[in-house]
Amino acid sequence: MRILFFGDVVGEIGLHAIEEALPSLRKKLSADFVIVNGENTCKGSGLTHREYKAFLDAGVDCITLGNHFRGRDQIDDYIDRADSLIRPLNLRSYVYGSGTAVYEVGGVEIQVTNLLGQAFMKVDVDDPYSSFEDILEDAAPIHIVDFHADSTSEKKMFFEKFKGRCSAVIGTHTHVQTADETIRDGTGFLTDAGYCGMKDGIIGYEPSSVIRALIDKEPGRFQIACDGPTELDFVLIDVDENTGACKAIEPVRLVEGKEICHVTHHL
């Protein structure tokens with residue numbers, strides 16, 4: 001079973017990049033299932049029903065969220081009937097939707113769970129460790145976790161706690177793809193999948209708007225580019241259909257459709 005996991009999609013530019021690239025990527029990479037983190041799709045915060053539907057039309061099977069899960073409050077009106085959308089499992093005071101879901105692909109069940117970390121987050125959440133423990137007994141053999149967290153150490157700690165008990169733990173939120181992929185006890189791990197959006201942005205935002213706000217202290221919000229070169233960051237995960245064990249994990253970074261290698265082979 002081959003799974004593609006795309007990092008946070010930032011703005012319309014990121015959504016359009018997914019729409020343009022995913023059909024051919026699914027075919028070229030023989031992907032069976034596609035997961036996308038969509039929490040930043042609507043102007044950097046939240047996901048509208050229109051964008052949710054656009055992801056499905058592009059070939060996405062499951063959309064996860066994060067700390068901006070309610071960036072657009074219309075989500076309350078549609079999330080309960082959006083079978084392909086999951087929000088963080090460990091939200092303490094949000095009653096809509098689900099934090100985990102099981103999908104069937106060719107007779108094989110794939111479970112996806114979304115969790116929020118606690119460090120540096122401004123969202124009221126329960127302990128992600130106990131929240132995840134509570135659902136493990138009845139979990140499907142193939143189980144992919146989107147751990148949306150600010151702290152790299154917290155992501156690694158979650159992996160160390162649950163390695164051998166799920167197929168993969170993929171970090172999201174920091175919008176910078178890492179190169180620390182590993183497999184231990186049948187569980188794949190990557191600290192962060194990266195993001196999909198403007199190539200030369202600051203975590204997907206126009207650099208000039210970030211500089212004005214944070215360095216020059218001028219009022220105003222971060223702006224997302226409407227056009228220009230794009231970057232698509234995703235993780236390719238191969239999982240044993242019978243045991244759920246991760247067999248291979250590889251971060252992939254596409255800039256304007258061309259793969260950027262992490263390492264040059266000089267040694």
# chains A, B, ... in the order shown; residues from 1 in each chain; ligands from 1

$ residues_around --residues "stretch 27-40 of chain A" --least-positions-apart "2" --cutoff "9 Å" --atoms "only C-alpha atoms" --output "CSV table (one decimal) with N, CA, C and O atoms, in the first residue's frame"
chain,number,residue,atom,x,y,z
A,1,MET,N,0.9,-1.2,0.0
A,1,MET,CA,0.0,0.0,0.0
A,1,MET,C,0.9,1.2,0.0
A,1,MET,O,1.7,1.4,0.9
A,2,ARG,N,0.7,2.1,-1.0
A,2,ARG,CA,1.5,3.3,-1.1
A,2,ARG,C,0.6,4.5,-0.7
A,2,ARG,O,-0.4,4.8,-1.3
A,3,ILE,N,1.1,5.3,0.2
A,3,ILE,CA,0.4,6.5,0.7
A,3,ILE,C,1.2,7.7,0.4
A,3,ILE,O,2.4,7.8,0.7
A,4,LEU,N,0.6,8.8,-0.1
A,4,LEU,CA,1.2,10.1,-0.2
A,4,LEU,C,0.7,11.0,0.9
A,4,LEU,O,-0.6,11.1,1.0
A,5,PHE,N,1.5,11.7,1.6
A,5,PHE,CA,1.1,12.6,2.7
A,5,PHE,C,1.7,14.0,2.4
A,5,PHE,O,2.9,14.2,2.4
A,6,PHE,N,0.8,14.9,2.0
A,6,PHE,CA,1.2,16.3,1.7
A,6,PHE,C,1.2,17.2,2.9
A,6,PHE,O,0.3,17.2,3.7
A,7,GLY,N,2.3,18.0,3.0
A,7,GLY,CA,2.3,19.0,4.1
A,7,GLY,C,1.3,20.1,4.0
A,7,GLY,O,0.6,20.2,3.0
A,8,ASP,N,1.2,21.0,5.0
A,8,ASP,CA,0.2,22.0,5.0
A,8,ASP,C,0.1,22.8,3.7
A,8,ASP,O,1.1,23.3,3.2
A,9,VAL,N,-1.1,22.9,3.2
A,9,VAL,CA,-1.4,23.6,2.0
A,9,VAL,C,-1.7,25.1,2.4
A,9,VAL,O,-2.6,25.3,3.2
A,10,VAL,N,-0.9,26.0,1.9
A,10,VAL,CA,-1.0,27.4,2.3
A,10,VAL,C,-1.6,28.2,1.1
A,10,VAL,O,-1.0,28.5,0.1
A,11,GLY,N,-2.9,28.6,1.3
A,11,GLY,CA,-3.6,29.5,0.4
A,11,GLY,C,-4.0,28.8,-0.9
A,11,GLY,O,-3.8,27.7,-1.2
A,15,LEU,N,-3.4,25.2,-3.1
A,15,LEU,CA,-4.5,24.3,-3.5
A,15,LEU,C,-4.4,24.1,-5.0
A,15,LEU,O,-4.5,23.0,-5.5
A,22,LEU,N,-1.5,16.6,-8.6
A,22,LEU,CA,-1.8,15.3,-8.0
A,22,LEU,C,-2.3,14.3,-9.0
A,22,LEU,O,-1.9,13.1,-8.8
A,23,PRO,N,-3.2,14.6,-10.0
A,23,PRO,CA,-3.6,13.5,-10.8
A,23,PRO,C,-2.4,12.7,-11.5
A,23,PRO,O,-2.4,11.5,-11.5
A,24,SER,N,-1.4,13.4,-12.0
A,24,SER,CA,-0.3,12.8,-12.6
A,24,SER,C,0.6,12.1,-11.6
A,24,SER,O,1.2,11.0,-11.8
A,25,LEU,N,0.7,12.7,-10.4
A,25,LEU,CA,1.6,12.2,-9.3
A,25,LEU,C,1.0,10.8,-8.9
A,25,LEU,O,1.8,9.9,-8.6
A,42,CYS,N,-7.5,28.3,3.3
A,42,CYS,CA,-8.3,29.5,3.1
A,42,CYS,C,-7.5,30.7,3.7
A,42,CYS,O,-7.6,31.0,4.9
A,43,LYS,N,-6.8,31.4,2.8
A,43,LYS,CA,-6.1,32.6,3.2
A,43,LYS,C,-5.2,32.4,4.4
A,43,LYS,O,-5.0,33.3,5.2
A,44,GLY,N,-4.7,31.2,4.5
A,44,GLY,CA,-3.7,30.9,5.6
A,44,GLY,C,-4.3,30.4,6.9
A,44,GLY,O,-3.6,29.9,7.8
A,45,SER,N,-5.7,30.3,7.0
A,45,SER,CA,-6.3,29.9,8.2
A,45,SER,C,-7.7,29.3,8.0
A,45,SER,O,-8.6,30.0,7.7
A,46,GLY,N,-7.8,28.0,8.1
A,46,GLY,CA,-9.0,27.3,8.0
A,46,GLY,C,-9.3,26.7,6.6
A,46,GLY,O,-8.5,26.8,5.7
A,47,LEU,N,-10.5,26.1,6.5
A,47,LEU,CA,-10.9,25.4,5.3
A,47,LEU,C,-12.3,25.6,5.0
A,47,LEU,O,-13.2,25.2,5.9
A,51,GLU,N,-13.2,24.6,-0.8
A,51,GLU,CA,-11.9,24.1,-0.8
A,51,GLU,C,-11.8,22.6,-0.5
A,51,GLU,O,-11.1,21.9,-1.1
A,52,TYR,N,-12.6,22.2,0.5
A,52,TYR,CA,-12.7,20.8,0.8
A,52,TYR,C,-13.1,20.0,-0.4
A,52,TYR,O,-12.5,19.0,-0.8
A,55,PHE,N,-10.3,19.7,-3.0
A,55,PHE,CA,-9.3,18.7,-2.7
A,55,PHE,C,-9.8,17.3,-3.2
A,55,PHE,O,-9.1,16.5,-3.8
A,59,GLY,N,-8.4,14.5,-6.2
A,59,GLY,CA,-8.0,13.1,-5.9
A,59,GLY,C,-7.5,12.9,-4.5
A,59,GLY,O,-6.9,11.8,-4.3
A,60,VAL,N,-7.7,13.8,-3.6
A,60,VAL,CA,-7.3,13.6,-2.2
A,60,VAL,C,-8.3,12.7,-1.5
A,60,VAL,O,-9.6,12.9,-1.7
A,61,ASP,N,-7.9,11.8,-0.7
A,61,ASP,CA,-8.7,10.9,0.0
A,61,ASP,C,-9.1,11.3,1.4
A,61,ASP,O,-10.1,11.0,1.9
A,62,CYS,N,-8.1,12.0,2.1
A,62,CYS,CA,-8.3,12.4,3.5
A,62,CYS,C,-7.7,13.8,3.7
A,62,CYS,O,-6.5,14.0,3.3
A,63,ILE,N,-8.4,14.7,4.4
A,63,ILE,CA,-7.8,16.0,4.7
A,63,ILE,C,-7.8,16.1,6.2
A,63,ILE,O,-8.8,15.9,6.9
A,64,THR,N,-6.6,16.5,6.7
A,64,THR,CA,-6.4,16.7,8.1
A,64,THR,C,-6.4,18.2,8.4
A,64,THR,O,-6.2,19.0,7.5
A,65,LEU,N,-6.5,18.5,9.7
A,65,LEU,CA,-6.5,19.9,10.1
A,65,LEU,C,-5.4,20.2,11.2
A,65,LEU,O,-4.4,19.4,11.3
A,66,GLY,N,-5.5,21.2,12.0
A,66,GLY,CA,-4.5,21.5,13.0
A,66,GLY,C,-5.1,22.6,13.9
A,66,GLY,O,-6.3,22.7,14.2
A,67,ASN,N,-4.2,23.5,14.4
A,67,ASN,CA,-4.6,24.5,15.3
A,67,ASN,C,-5.5,25.6,14.7
A,67,ASN,O,-6.3,26.2,15.4
A,68,HIS,N,-5.5,25.7,13.4
A,68,HIS,CA,-6.4,26.6,12.7
A,68,HIS,C,-7.7,25.9,12.2
A,68,HIS,O,-8.3,26.3,11.2
A,69,PHE,N,-8.0,24.8,12.9
A,69,PHE,CA,-9.2,24.0,12.4
A,69,PHE,C,-10.4,24.8,12.3
A,69,PHE,O,-11.3,24.5,11.4
A,70,ARG,N,-10.6,25.8,13.0
A,70,ARG,CA,-11.8,26.6,13.0
A,70,ARG,C,-11.5,28.1,12.5
A,70,ARG,O,-12.2,29.0,12.9
A,71,GLY,N,-10.5,28.2,11.7
A,71,GLY,CA,-10.2,29.5,11.1
A,71,GLY,C,-11.3,30.1,10.3
A,71,GLY,O,-11.5,31.3,10.2
A,105,VAL,N,-9.7,0.8,1.0
A,105,VAL,CA,-9.0,0.9,-0.3
A,105,VAL,C,-8.8,-0.5,-0.8
A,105,VAL,O,-7.9,-1.2,-0.3
A,106,GLY,N,-9.6,-0.9,-1.8
A,106,GLY,CA,-9.4,-2.3,-2.3
A,106,GLY,C,-9.5,-3.4,-1.3
A,106,GLY,O,-8.7,-4.3,-1.4
A,110,ILE,N,-7.6,1.6,6.0
A,110,ILE,CA,-6.5,2.6,6.4
A,110,ILE,C,-7.2,3.6,7.4
A,110,ILE,O,-8.2,4.2,7.1
A,112,VAL,N,-6.7,7.0,9.6
A,112,VAL,CA,-5.9,8.3,9.8
A,112,VAL,C,-6.4,9.0,11.0
A,112,VAL,O,-7.6,9.2,11.3
A,146,ASP,N,-1.2,12.2,11.7
A,146,ASP,CA,-0.8,13.5,11.5
A,146,ASP,C,-0.6,14.2,12.9
A,146,ASP,O,-1.6,14.5,13.5
A,172,THR,N,3.4,17.8,11.1
A,172,THR,CA,3.0,19.0,10.3
A,172,THR,C,3.0,20.2,11.2
A,172,THR,O,3.3,20.2,12.4
A,173,HIS,N,2.8,21.4,10.6
A,173,HIS,CA,2.6,22.7,11.2
A,173,HIS,C,3.8,23.6,11.0
A,173,HIS,O,3.6,24.9,10.8
A,195,TYR,N,5.4,22.0,3.3
A,195,TYR,CA,4.2,22.7,2.9
A,195,TYR,C,4.0,22.7,1.4
A,195,TYR,O,4.9,22.4,0.7
A,234,PHE,N,5.9,16.5,0.1
A,234,PHE,CA,5.1,15.4,0.5
A,234,PHE,C,6.0,14.3,1.0
A,234,PHE,O,7.2,14.3,0.8
A,236,LEU,N,6.3,10.0,0.8
A,236,LEU,CA,5.9,8.8,0.2
A,236,LEU,C,6.1,7.7,1.2
A,236,LEU,O,7.2,7.5,1.7

$ residues_around --residues "stretch 177-186 of chain A" --least-positions-apart "6" --cutoff "7 Å" --atoms "only C-alpha atoms" --output "ChimeraX atom specification"
/A:163-164,167,192-194,233,245-246,249-251

$ residues_around --residues "A:Ile18" --least-positions-apart "2" --cutoff "8 Å" --atoms "only C-alpha atoms" --output "MDAnalysis selection string"
chainID A and resid 14:16 20:22 55 58 196 232

$ closest_residue --among "A:Ile142, A:Val169, A:Ala101, A:Ile202" --to "A:Met157" --atoms "only C-alpha atoms"
A:Val169

$ residues_around --residues "stretch 129-140 of chain A" --least-positions-apart "5" --cutoff "8 Å" --atoms "only C-alpha atoms" --output "list in words"
Leu89, Asn90, Val102, Glu109, Ile110, Gln111, Phe158 and Arg165 of chain A

$ write_last_selection --atoms "C-alpha atoms" --output "PDB file, in the first residue's frame"
ATOM      1  CA  LEU A  89      -8.724  14.159  18.044  1.00  0.00           C
ATOM      2  CA  ASN A  90      -7.710  15.770  21.323  1.00  0.00           C
ATOM      3  CA  VAL A 102     -11.138   4.540   8.701  1.00  0.00           C
ATOM      4  CA  GLU A 109      -8.604  -0.518   5.813  1.00  0.00           C
ATOM      5  CA  ILE A 110      -6.532   2.615   6.369  1.00  0.00           C
ATOM      6  CA  GLN A 111      -7.023   4.662   9.516  1.00  0.00           C
ATOM      7  CA  PHE A 158       5.225  10.993  20.371  1.00  0.00           C
ATOM      8  CA  ARG A 165       1.868   0.578  17.436  1.00  0.00           C
TER       9      ARG A 165
END

$ select_by_dssp --residues "stretch 54-264 of chain A" --states "strand (DSSP E)" --output "PyMOL selection string"
chain A and resi 62-64+85-86+100-105+108-116+142-148+168-172+182-184+187-190+195-198+230-239+246-255+258-259

$ select_by_dssp --residues "stretch 53-179 of chain A" --states "alpha helix (DSSP H)" --output "PyMOL selection string"
chain A and resi 53-58+75-78+128-136+152-162

$ residues_around --residues "A:Val145" --least-positions-apart "4" --cutoff "8 Å" --atoms "only C-alpha atoms" --output "JSON list (two decimals) with C-alpha atoms, in the first residue's frame"
[["chain", "number", "residue", "atom", "x", "y", "z"],
["A", 112, "VAL", "CA", -5.94, 8.29, 9.76],
["A", 113, "THR", "CA", -5.73, 10.14, 13.08],
["A", 114, "ASN", "CA", -5.10, 13.85, 13.59],
["A", 115, "LEU", "CA", -3.61, 15.14, 16.87],
["A", 166, "CYS", "CA", 1.02, 2.51, 14.27],
["A", 168, "ALA", "CA", 3.64, 6.17, 10.56],
["A", 169, "VAL", "CA", 3.82, 9.40, 12.54],
["A", 170, "ILE", "CA", 4.16, 12.43, 10.26]]

$ closest_residue --among "A:Val108, A:Leu56, A:Val210, A:Ala248" --to "A:Ser84" --atoms "only C-alpha atoms"
A:Leu56
